[in-house]
Amino acid sequence: MNSGTLRKISHFLAPISQPFIAIFLALVVGAIAIIVTGESPFNIYKIMVKGAFGSEYYLLTTLTRATPIIITGLGAAICWSSNYMGIGGEGQMIMGGFLCAVIGFHFPGPQWLKLTCAIIFSLIGSGLYSLFSAWLLDKFKMSLAISTLMLNYAGAYIAMHFVQNVFLDTTGDAKLVQTQMIDESIRLPRIVEGQKLHWGFGIAVLLVILVWFMMNRTVFGYESRMSGFNIHFCDYGGINSKKIMYGMLTLSGVICGLAGVIEVLGVNYRYTHNTYVSASYAWIGLNAALISGYNPIGIFFTSIILAGISTGGAAIARATSVPLEISTIIQGCITLFISARIAIQFRRRSRKLASPAKDGGSSGDILIPETKGEILR
Amino acid sequence: MKKSFVLLLCVLVCTMLLTSIASAADDVKKVAIILDPVGVNPFLTQVVDKFAEVKAAGTYPMDYSVIECADDTAWAENIRASVEEGYDLILVVGWQGADPLNEVATQFPDKAQYVIIDTVCDNPNVKSYIFKPQEAAYLIGIVAAMVSADAGKPEGPFGGVHANPGQGSFEWRYGYMEGIKSINPKVTNDDFIFNYTKSYTDAPTAKELALQQAAQGCVFINAASAVADFGTFEAALEKGFYTSGQDFDRTSPDNPNIITTQVKYTGIVAGMIIDEFFATGIQPGVVSLGLKEGVVGATYITDDGVNPRNTAVLTDAIVAKAREAADAIISGKLVIEVPLEEEYMKQ
């Protein structure tokens, strides 16, 4: 194997090496927590791995849980790679899921029309919901982090209000705030009969390829990445940064909305209040995007690992006396180690900028460019 | 020849011994109890404690796992995984489990026996146990109306700090409101103040809501938000209004303002399930449990309290009136059917 091939392999593995390091360190901390509970970490991690990937059933369950995480991770990566730090994936996913469930059940006409309209209008709805944050940023210089975070809560309660007062399923005892189930004919088929995994996973895989292509092989992707590195430079070079901002945030909203659509069509067949919030899909997706440095292929693998930690964590709780919170501790530690990685890179870059003569001022692997136009503040 | 015979005998005995051990192990039934994180929520702890008690007593050859669901998606995963892992009885405690249990019970009707508590799972392979909390809430309403009347406020306002709004929890409010109206027919829907913690554990929010209701003049505030009720209790002690607990006798010598509790004995239901499972196997269907079955009730009215009654507030006259209503419900003279909230509130 020549050095060129080795370089290519290492270049390919680079996006997924960081997640593995962060996850390994988190597992070490998790092991300490397990020892405190009086159990053997090796035994517990064996159960965890088995519960996540140990059989066809466990693997497919993990992939089912990973599907919305992959999609919301891609949505987050699109806007974060352009340095627009939107954290509204949860609200956009809720909008997508809620609209899909309501339109998919109540829209008049044949089932194929219901399905088409449900998908189109829910994606438009979630895109517009994200566009609203972009507009607030553009017109009022409102912090994107704050507006998107607040719109998560607004989205959850808007959906709850309408479900509870207009679209509530009263066919049973109506104890859950949920819409009625969509017809069987418009549900996503299962990939393996008798298992939960549905073709939404296939859509997620396709989306990984499309987003990678867009980010790396299109003018729009190039301009958005450049805009993320230095917005003033882009403006000077003739790139319309405002257009990039609107485009990226809307696309991010559409993709996160698609996660909600797929959950409705493939898993729950209805919208139930609090389902997406309690599972933290969008936040874990953002976590996956951060770990993998916004690389779509890295997001794919990281999402599966993070989903595996959740499903494996439940297996630990089923099989041993170790509390369920162990998996939460591990996930929290992963976030912590990623944050540490970002902080280290930020400091490294600050030092480089402070002494450009030493290294010629090369930017290196920039994650947090500080030279962003005031439009982002 | 003799040696061979002895050897053969030994092998035979060992085989029989091992087979009997194996079959004894096979006889131990595995039960999966799938529920929200248990914590100190008495609705859930009563179920878990009952299983622990039965296992410790050795009444039945049983082993059980308490499987807590960290999020809404975990319900489906855990129910399905329990089938995969060979549990004989899958007991789901909570509304969130209805849809996934329905799917699994349809897909694997013979792999396990299925029971759900607190909601109806519309499936021919599942047994559903539901409650009639409106019957107990009716008794609490009578107490609230008479305590308020004794305090000079017969027409309210009447408070309630509950967990969630919506039809799912309306049975609690409906029984409470009807109980009050049965004592004072002049009371209208506008005389009630209901606020929601949107959580079963958020005691600080419950306290703030209760303080606001007390400031609006409520003499009695019905607490129905599980563990979050501790906030309402604290507010009652500070501001002097009266309140009722939920699920498990919450009266306390340290807080005389908690004058009764709307109890729900989920432990009794767990015992019924275990007995049925080992006696005849689970018979699918819907069982509705109320005052008559002794599964719901009100402390000092249908049940003896753990602590002495606050007789200065919960007087003999109030207890007698509430017991009269309880007898009417048990005998079937008084039937409390819960209507749709939207229609009822328009009245």
# chains A, B, ... in the order shown; residues from 1 in each chain; ligands from 1

$ interface_residues --of "chain B" --to "chain A" --cutoff "6 Å" --atoms "only C-alpha atoms" --output "number ranges by chain"
B: 67, 71-72, 167-168

$ select_by_dssp --residues "range 40-197 of chain B" --states "strand (DSSP E or B)" --output "ChimeraX atom specification"
/B:62-68,89-93,113-117,126-131,158-162,192-196

$ residues_around --residues "range 26-39 of chain B" --least-positions-apart "2" --cutoff "8 Å" --atoms "only C-alpha atoms" --output "list in words"
Ala22, Ser23, Ala24, Asn41, Leu44, Thr45, Pro61, Met62, Asp63, Tyr64, Ser65, Val66, Ile67, Glu68, Cys69, Ala70, Trp75, Asn78, Ile79, Ser82, Gly86, Tyr87, Asp88, Leu89, Ile90, Leu91, Val92, Val93 and Gly94 of chain B

$ closest_residue --among "B:Phe108, B:Phe220, B:Phe230, B:Tyr129" --to "Ala149 in chain B" --atoms "only C-alpha atoms"
B:Phe220

$ closest_residue --among "B:Phe192, B:Phe170, B:Phe51, B:Phe43" --to "Leu340 in chain B" --atoms "only C-alpha atoms"
B:Phe170

$ atom_distance --atom1 "CA of Ala203 in chain B" --atom2 "CA of His162 in chain B"
11.3 Å

$ atom_distance --atom1 "CA of Tyr236 in chain A" --atom2 "CA of Gly221 in chain A"
18.0 Å

$ closest_residue --among "B:Thr59, B:Ser331, B:Thr261, B:Thr232" --to "Lys292 in chain B" --atoms "only C-alpha atoms"
B:Ser331

$ atom_distance --atom1 "CA of Glu84 in chain B" --atom2 "CA of Arg190 in chain A"
18.0 Å

$ residues_around --residues "range 238-254 of chain B" --least-positions-apart "4" --cutoff "7 Å" --atoms "only C-alpha atoms" --output "PyMOL selection string"
chain B and resi 42-43+214+219-224+226+229+234+258-265+299+305-307

$ write_last_selection --atoms "C-alpha atoms" --output "PDB file, in the first residue's frame"
ATOM      1  CA  PRO B  42     -46.963   6.206  44.491  1.00  0.00           C
ATOM      2  CA  PHE B  43     -48.987   5.216  41.431  1.00  0.00           C
ATOM      3  CA  ALA B 214     -55.114  30.920  47.351  1.00  0.00           C
ATOM      4  CA  VAL B 219     -60.399  27.758  50.637  1.00  0.00           C
ATOM      5  CA  PHE B 220     -59.891  24.291  49.167  1.00  0.00           C
ATOM      6  CA  ILE B 221     -57.441  23.334  46.414  1.00  0.00           C
ATOM      7  CA  ASN B 222     -57.565  19.826  44.962  1.00  0.00           C
ATOM      8  CA  ALA B 223     -54.022  18.532  44.350  1.00  0.00           C
ATOM      9  CA  ALA B 224     -53.761  16.005  41.529  1.00  0.00           C
ATOM     10  CA  ALA B 226     -48.625  13.138  41.607  1.00  0.00           C
ATOM     11  CA  ASP B 229     -48.448  17.732  44.927  1.00  0.00           C
ATOM     12  CA  GLU B 234     -46.297  23.295  51.225  1.00  0.00           C
ATOM     13  CA  ILE B 258     -53.973  17.979  53.996  1.00  0.00           C
ATOM     14  CA  ILE B 259     -57.357  16.794  55.215  1.00  0.00           C
ATOM     15  CA  THR B 260     -57.906  13.785  52.947  1.00  0.00           C
ATOM     16  CA  THR B 261     -56.501  11.918  49.934  1.00  0.00           C
ATOM     17  CA  GLN B 262     -58.019  10.658  46.712  1.00  0.00           C
ATOM     18  CA  VAL B 263     -56.468   7.196  46.793  1.00  0.00           C
ATOM     19  CA  LYS B 264     -55.838   4.798  43.943  1.00  0.00           C
ATOM     20  CA  TYR B 265     -54.523   1.413  45.009  1.00  0.00           C
ATOM     21  CA  THR B 299     -59.109   8.726  53.076  1.00  0.00           C
ATOM     22  CA  GLY B 305     -56.373   7.091  57.451  1.00  0.00           C
ATOM     23  CA  VAL B 306     -52.831   6.339  58.530  1.00  0.00           C
ATOM     24  CA  ASN B 307     -52.944   9.435  60.758  1.00  0.00           C
TER      25      ASN B 307
END

$ select_by_dssp --residues "range 108-186 of chain A" --states "alpha helix (DSSP H)" --output "number ranges by chain"
A: 111-140, 144-165

$ closest_residue --among "B:Gln212, B:Lys198, B:Asn184, B:Ser225" --to "Val161 in chain B" --atoms "only C-alpha atoms"
B:Ser225

$ residues_around --residues "range 72-75 of chain A" --least-positions-apart "3" --cutoff "8 Å" --atoms "only C-alpha atoms" --output "short mmCIF file (atom, residue, chain, number, x, y, z; two decimals) with N, CA and C atoms, in the first residue's frame"
data_model
loop_
_atom_site.label_atom_id
_atom_site.label_comp_id
_atom_site.auth_asym_id
_atom_site.auth_seq_id
_atom_site.Cartn_x
_atom_site.Cartn_y
_atom_site.Cartn_z
N PRO A 68 -34.28 9.45 12.75
CA PRO A 68 -34.52 10.89 12.94
C PRO A 68 -33.28 11.64 13.42
N ILE A 69 -32.38 10.93 14.11
CA ILE A 69 -31.15 11.59 14.59
C ILE A 69 -30.26 11.95 13.40
N ILE A 78 -26.07 21.64 8.14
CA ILE A 78 -26.19 22.59 7.04
C ILE A 78 -26.08 24.02 7.53
N CYS A 79 -26.82 24.35 8.60
CA CYS A 79 -26.74 25.75 9.04
C CYS A 79 -25.50 26.00 9.90
N GLY A 89 -33.99 22.76 15.60
CA GLY A 89 -34.35 21.50 14.94
C GLY A 89 -35.57 20.84 15.56
N MET A 93 -38.93 19.96 13.60
CA MET A 93 -39.35 18.55 13.51
C MET A 93 -40.79 18.40 13.99
N VAL A 208 -28.11 11.67 3.26
CA VAL A 208 -26.69 11.82 3.60
C VAL A 208 -25.88 12.09 2.32
N VAL A 211 -26.83 15.60 0.82
CA VAL A 211 -26.28 16.73 1.58
C VAL A 211 -24.76 16.79 1.39
N LEU A 251 -33.54 25.51 4.26
CA LEU A 251 -33.23 24.11 3.92
C LEU A 251 -33.07 23.27 5.19
N SER A 252 -32.42 23.86 6.18
CA SER A 252 -32.25 23.16 7.45
C SER A 252 -33.61 22.84 8.07
N GLY A 253 -34.53 23.81 8.01
CA GLY A 253 -35.88 23.60 8.55
C GLY A 253 -36.62 22.51 7.79
N VAL A 254 -36.46 22.50 6.47
CA VAL A 254 -37.12 21.47 5.65
C VAL A 254 -36.60 20.09 6.03
N ILE A 255 -35.29 19.98 6.20
CA ILE A 255 -34.70 18.66 6.52
C ILE A 255 -35.14 18.20 7.91
N CYS A 256 -35.12 19.12 8.88
CA CYS A 256 -35.56 18.73 10.24
C CYS A 256 -37.05 18.38 10.21
N ALA A 259 -37.64 14.88 9.23
CA ALA A 259 -37.48 13.90 10.32
C ALA A 259 -38.82 13.65 11.00
N TYR A 281 -34.50 13.89 19.91
CA TYR A 281 -33.91 13.55 18.61
C TYR A 281 -33.06 14.70 18.06
N ALA A 282 -33.66 15.90 18.06
CA ALA A 282 -32.97 17.03 17.42
C ALA A 282 -31.69 17.39 18.16
N ILE A 284 -29.84 15.32 20.02
CA ILE A 284 -28.84 14.26 19.77
C ILE A 284 -28.31 14.40 18.35
N GLY A 285 -29.19 14.81 17.43
CA GLY A 285 -28.77 15.05 16.04
C GLY A 285 -27.74 16.17 15.98
N LEU A 286 -27.99 17.24 16.72
CA LEU A 286 -27.04 18.36 16.77
C LEU A 286 -25.71 17.88 17.36
N ASN A 287 -25.85 17.04 18.39
CA ASN A 287 -24.67 16.44 19.02
C ASN A 287 -23.85 15.67 17.97
N ALA A 288 -24.56 14.87 17.17
CA ALA A 288 -23.90 14.07 16.13
C ALA A 288 -23.20 14.98 15.12
N ALA A 289 -23.87 16.08 14.76
CA ALA A 289 -23.29 17.02 13.79
C ALA A 289 -22.02 17.66 14.36
N TYR A 294 -19.63 18.36 11.19
CA TYR A 294 -20.63 18.66 10.14
C TYR A 294 -20.43 17.81 8.88
N PRO A 296 -21.42 14.88 6.63
CA PRO A 296 -22.61 14.02 6.54
C PRO A 296 -22.32 12.54 6.79
N ILE A 299 -21.79 12.11 10.40
CA ILE A 299 -23.08 12.23 11.10
C ILE A 299 -23.82 10.89 11.06
N SER A 303 -24.57 9.10 14.52
CA SER A 303 -25.98 8.98 14.92
C SER A 303 -26.31 7.54 15.31
#

$ residues_around --residues "Gln92 in chain A" --least-positions-apart "5" --cutoff "8 Å" --atoms "only C-alpha atoms" --output "ChimeraX atom specification"
/A:126-127,129-130,152,155,253-254,256-257

$ write_last_selection --atoms "N, CA and C atoms" --output "PDB file, in the first residue's frame"
ATOM      1  N   SER A 126     -42.446  23.463   7.881  1.00  0.00           N
ATOM      2  CA  SER A 126     -41.248  23.460   8.733  1.00  0.00           C
ATOM      3  C   SER A 126     -40.180  24.384   8.157  1.00  0.00           C
ATOM      4  N   GLY A 127     -40.117  24.472   6.826  1.00  0.00           N
ATOM      5  CA  GLY A 127     -39.165  25.394   6.189  1.00  0.00           C
ATOM      6  C   GLY A 127     -39.500  26.835   6.537  1.00  0.00           C
ATOM      7  N   TYR A 129     -41.140  27.833   9.093  1.00  0.00           N
ATOM      8  CA  TYR A 129     -40.913  28.030  10.534  1.00  0.00           C
ATOM      9  C   TYR A 129     -39.461  28.413  10.791  1.00  0.00           C
ATOM     10  N   SER A 130     -38.560  27.788  10.044  1.00  0.00           N
ATOM     11  CA  SER A 130     -37.141  28.110  10.183  1.00  0.00           C
ATOM     12  C   SER A 130     -36.828  29.457   9.523  1.00  0.00           C
ATOM     13  N   ASN A 152     -38.678  26.549  19.525  1.00  0.00           N
ATOM     14  CA  ASN A 152     -38.881  25.127  19.869  1.00  0.00           C
ATOM     15  C   ASN A 152     -40.066  24.994  20.815  1.00  0.00           C
ATOM     16  N   GLY A 155     -43.332  26.033  19.074  1.00  0.00           N
ATOM     17  CA  GLY A 155     -43.796  24.974  18.167  1.00  0.00           C
ATOM     18  C   GLY A 155     -44.483  23.848  18.918  1.00  0.00           C
ATOM     19  N   GLY A 253     -34.525  23.814   8.013  1.00  0.00           N
ATOM     20  CA  GLY A 253     -35.878  23.601   8.547  1.00  0.00           C
ATOM     21  C   GLY A 253     -36.615  22.511   7.793  1.00  0.00           C
ATOM     22  N   VAL A 254     -36.461  22.500   6.467  1.00  0.00           N
ATOM     23  CA  VAL A 254     -37.122  21.473   5.647  1.00  0.00           C
ATOM     24  C   VAL A 254     -36.599  20.085   6.028  1.00  0.00           C
ATOM     25  N   CYS A 256     -35.116  19.124   8.885  1.00  0.00           N
ATOM     26  CA  CYS A 256     -35.562  18.731  10.237  1.00  0.00           C
ATOM     27  C   CYS A 256     -37.053  18.377  10.209  1.00  0.00           C
ATOM     28  N   GLY A 257     -37.825  19.108   9.410  1.00  0.00           N
ATOM     29  CA  GLY A 257     -39.246  18.789   9.271  1.00  0.00           C
ATOM     30  C   GLY A 257     -39.449  17.401   8.683  1.00  0.00           C
TER      31      GLY A 257
END

$ residues_around --residues "Ala154 in chain A" --least-positions-apart "2" --cutoff "12 Å" --atoms "only C-alpha atoms" --output "list in words"
Gly88, Glu90, Gly91, Gln92, Ile94, Met95, Tyr129, Ser147, Thr148, Leu149, Met150, Leu151, Asn152, Ala156, Tyr157, Ile158, Ala159, Met160 and His161 of chain A

$ decode --residues "range 259-318 of chain A" --atoms "C-alpha atoms" --output "compact mmCIF listing (two decimals), in the first residue's frame"
# COMPACT_ATOMS: atom_id res chain seq x y z
CA ALA A 259 -37.48 13.90 10.32
CA GLY A 260 -40.90 14.59 11.85
CA VAL A 261 -42.67 13.49 8.65
CA ILE A 262 -40.77 10.20 8.61
CA GLU A 263 -41.51 9.53 12.28
CA VAL A 264 -45.22 9.97 11.55
CA LEU A 265 -45.26 7.92 8.35
CA GLY A 266 -42.89 5.20 9.54
CA VAL A 267 -43.07 4.82 13.33
CA ASN A 268 -45.96 6.39 15.21
CA TYR A 269 -48.50 6.92 12.39
CA ARG A 270 -49.77 9.95 14.32
CA TYR A 271 -48.49 13.01 16.15
CA THR A 272 -48.30 12.60 19.92
CA HIS A 273 -47.46 15.58 22.09
CA ASN A 274 -44.01 15.41 23.69
CA THR A 275 -42.75 12.37 21.76
CA TYR A 276 -39.98 14.20 19.89
CA VAL A 277 -39.14 16.39 22.88
CA SER A 278 -38.76 13.50 25.33
CA ALA A 279 -36.63 11.49 22.90
CA SER A 280 -34.40 14.58 22.25
CA TYR A 281 -33.91 13.55 18.61
CA ALA A 282 -32.97 17.03 17.42
CA TRP A 283 -30.52 17.63 20.26
CA ILE A 284 -28.84 14.26 19.77
CA GLY A 285 -28.77 15.05 16.04
CA LEU A 286 -27.04 18.36 16.77
CA ASN A 287 -24.67 16.44 19.02
CA ALA A 288 -23.90 14.07 16.13
CA ALA A 289 -23.29 17.02 13.79
CA LEU A 290 -20.90 18.65 16.26
CA ILE A 291 -18.99 15.43 16.95
CA SER A 292 -18.44 14.74 13.28
CA GLY A 293 -17.50 18.30 12.33
CA TYR A 294 -20.63 18.66 10.14
CA ASN A 295 -19.48 15.87 7.81
CA PRO A 296 -22.61 14.02 6.54
CA ILE A 297 -20.87 10.63 6.50
CA GLY A 298 -19.58 11.22 10.02
CA ILE A 299 -23.08 12.23 11.10
CA PHE A 300 -24.46 8.96 9.75
CA PHE A 301 -22.12 6.77 11.79
CA THR A 302 -22.18 8.96 14.89
CA SER A 303 -25.98 8.98 14.92
CA ILE A 304 -26.05 5.19 14.85
CA ILE A 305 -23.59 5.03 17.74
CA LEU A 306 -25.56 7.59 19.77
CA ALA A 307 -28.80 5.74 19.07
CA GLY A 308 -27.04 2.53 20.10
CA ILE A 309 -26.10 4.10 23.42
CA SER A 310 -29.81 4.80 24.05
CA THR A 311 -31.09 1.37 23.02
CA GLY A 312 -28.15 -0.36 24.70
CA GLY A 313 -28.77 1.72 27.84
CA ALA A 314 -32.34 0.41 27.96
CA ALA A 315 -30.98 -3.15 27.61
CA ILE A 316 -28.74 -2.56 30.65
CA ALA A 317 -31.77 -1.44 32.65
CA ARG A 318 -33.72 -4.54 31.54
